[in-house]
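Down below is the structure, laid out as structure tokens.
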Protein chains: 2
Amino acid sequence: MSFDPATLRYDARGLIPAIAQDAESGEVLMMAWMNADAVARTLQTGRVTYWSRSRQEFWVKGETSGHVQDLVEMRIDCDRDALLLLVRQTGPACHTARRSCFYTALRDGAEVEIMAPES
Amino acid sequence: MSFDPATLRYDARGLIPAIAQDAESGEVLMMAWMNADAVARTLQTGRVTYWSRSRQEFWVKGETSGHVQDLVEMRIDCDRDALLLLVRQTGPACHTARRSCFYTALRDGAEVEIMAPES
């Protein structure tokens with residue numbers, strides 16, 4: 001691969017935010033973080049791999065749950081400090097079993113749950 | 001407003017990432033940052049207001065360019081540490097005059113510009 005993940009702009013922790021979007025529906029599924037190695041692994045394997053800030057380890061999305069994200073295309077923003085991942089999502093993206101992590105909407109000043117867990 | 005922006009989880013700088021998505025097309029337009037005051041201002045005014053990390057000041061999107069973002073709905077993720085903004089975007093969202101900041105795709109290991117500046 002000729003693209004060098006080191007050319008992206010990482011924060012002080014060496015991380016870059018990555019937005020996962022369903023490649024077909026356009027739904028925004030989640031936001032997590034990658035370091036340069038996670039970017040490289042994701043591109044090499046086609047399987048979206050984040051960096052877990054809490055566990056301080058690679059997090060191959062869906063490795064234990066089976067709810068994997070297959071990379072369709074990675075995009076870079078104008079400042080090179082954010083990534084957009086177009087993915088094919090197997091099962092729900094959220095650990096709460098909802099399709100997307102963004103299942104809470106603010107409506108009329110109150111939090112409303114707009115998505116139920118999948119069975 | 002009964003929702004309290006202080007209930008969100010901010011990073012060490014007091015910031016939370018905010019993803020702007022076109023409410024109609026579903027296109028992801030940009031990612032920027034908000035602090036609690038920017039969240040409150042956005043909800044109060046309906047005009048998306050970020051916090052500029054470089055200028056260390058409120059950044060009412062489009063205030064100088066006219067390329068404003070009108071808030072349709074704010075959503076919160078499961079960890080309460082990321083926001084999704086459904087917006088009506090006037091003009092291009094990117095300062096490069098492109099519709100979206102994510103105009104660079106990685107294809108066959110190379111960076112490809114997939115979006116031209118709007119005239």
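In the structure tokens, each chain is lettered A, B, ... as it comes, each chain's residues begin at 1, and ligands are numbered from 1 in order of appearance.
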
What are the closest atom pairs, with distances in Å to one decimal, for each residue of chain A lying within 10 Å of chain B, using only C-alpha atoms, rows by chain and rising residue number, as a tab-separated table?
```
residue	atom	partner	partner_atom	distance
A:Met1	CA	B:Gly109	CA	4.9
A:Ser2	CA	B:Gly109	CA	5.4
A:Phe3	CA	B:Gly109	CA	5.4
A:Asp4	CA	B:Gly109	CA	8.9
A:Pro17	CA	B:Pro17	CA	8.4
A:Ala18	CA	B:Met31	CA	9.8
A:Ile19	CA	B:Ile19	CA	8.2
A:Gln21	CA	B:Val28	CA	8.4
A:Ser25	CA	B:Gly26	CA	8.3
A:Gly26	CA	B:Gly26	CA	5.5
A:Glu27	CA	B:Gly26	CA	6.9
A:Val28	CA	B:Leu84	CA	8.1
A:Leu29	CA	B:Asp77	CA	9.4
A:Met30	CA	B:Asp77	CA	7.5
A:Met31	CA	B:Ala82	CA	7.1
A:Ala32	CA	B:Ala82	CA	9.0
A:Leu43	CA	B:Gly109	CA	8.4
A:Gln44	CA	B:Gly109	CA	9.7
A:Val72	CA	B:Arg107	CA	9.9
A:Glu73	CA	B:Leu106	CA	6.7
A:Met74	CA	B:Leu106	CA	5.7
A:Arg75	CA	B:Ala105	CA	4.3
A:Ile76	CA	B:Thr104	CA	5.3
A:Asp77	CA	B:Phe102	CA	4.2
A:Cys78	CA	B:Cys101	CA	5.2
A:Asp79	CA	B:Cys101	CA	8.2
A:Arg80	CA	B:Phe102	CA	9.2
A:Asp81	CA	B:Met31	CA	9.2
A:Ala82	CA	B:Met31	CA	7.1
A:Leu83	CA	B:Phe102	CA	7.7
A:Leu84	CA	B:Phe102	CA	7.0
A:Leu85	CA	B:Ala105	CA	9.8
A:Cys94	CA	B:Cys78	CA	7.7
A:His95	CA	B:Cys78	CA	8.5
A:Thr96	CA	B:Cys78	CA	7.8
A:Arg98	CA	B:Cys78	CA	9.6
A:Ser100	CA	B:Asp77	CA	8.3
A:Cys101	CA	B:Asp77	CA	4.9
A:Phe102	CA	B:Asp77	CA	4.2
A:Tyr103	CA	B:Asp77	CA	6.5
A:Thr104	CA	B:Ile76	CA	5.3
A:Ala105	CA	B:Arg75	CA	4.3
A:Leu106	CA	B:Met74	CA	5.7
A:Arg107	CA	B:Glu73	CA	7.4
A:Asp108	CA	B:Met1	CA	7.7
A:Gly109	CA	B:Met1	CA	4.9
A:Ala110	CA	B:Phe3	CA	5.6
A:Glu111	CA	B:Phe3	CA	7.2
A:Val112	CA	B:Arg75	CA	9.2
A:Glu113	CA	B:Arg75	CA	9.7
A:Ile114	CA	B:Arg75	CA	9.6
```

If you run DSSP on this backbone, which residues of chain B come out as helix (DSSP H, G or I), and could you give them as a ChimeraX atom specification? /B:5-7,36-45

All strand (DSSP E) residues (DSSP, backbone) inside chain B, as a count of residues only: 45

Separation of atom CA of Asn35 of chain B and atom CA of Ala93 of chain A, in Å?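 Computing the Euclidean distance for atom CA of Asn35 of chain B and atom CA of Ala93 of chain A yields 26.3 Å.
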
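Proximity to Ala38 of chain A was assessed for A:Ala23, A:Ser54, A:Ile16, A:Arg99 counting only C-alpha atoms; the smallest distance is recorded for A:Ile16.
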
Do a neighbour search on Pro5 of chain B at 7 Å with only C-alpha atoms, toss out local chain neighbours closer than 5 positions, and write the hits as a list in words. Ala36, Val39 and Ala40 of chain B

I need the chosen residues saved as a PDB file, in the first residue's frame, with N, CA, C and O atoms.
```
ATOM      1  N   ALA B  36     -19.300  22.536  26.340  1.00  0.00           N
ATOM      2  CA  ALA B  36     -20.669  22.531  26.868  1.00  0.00           C
ATOM      3  C   ALA B  36     -21.421  23.800  26.461  1.00  0.00           C
ATOM      4  O   ALA B  36     -22.617  23.750  26.135  1.00  0.00           O
ATOM      5  N   VAL B  39     -22.564  23.504  22.862  1.00  0.00           N
ATOM      6  CA  VAL B  39     -23.745  22.630  22.787  1.00  0.00           C
ATOM      7  C   VAL B  39     -24.992  23.428  23.156  1.00  0.00           C
ATOM      8  O   VAL B  39     -26.002  23.402  22.447  1.00  0.00           O
ATOM      9  N   ALA B  40     -24.908  24.175  24.255  1.00  0.00           N
ATOM     10  CA  ALA B  40     -26.055  24.963  24.715  1.00  0.00           C
ATOM     11  C   ALA B  40     -26.440  26.022  23.686  1.00  0.00           C
ATOM     12  O   ALA B  40     -27.625  26.198  23.363  1.00  0.00           O
TER      13      ALA B  40
END
```
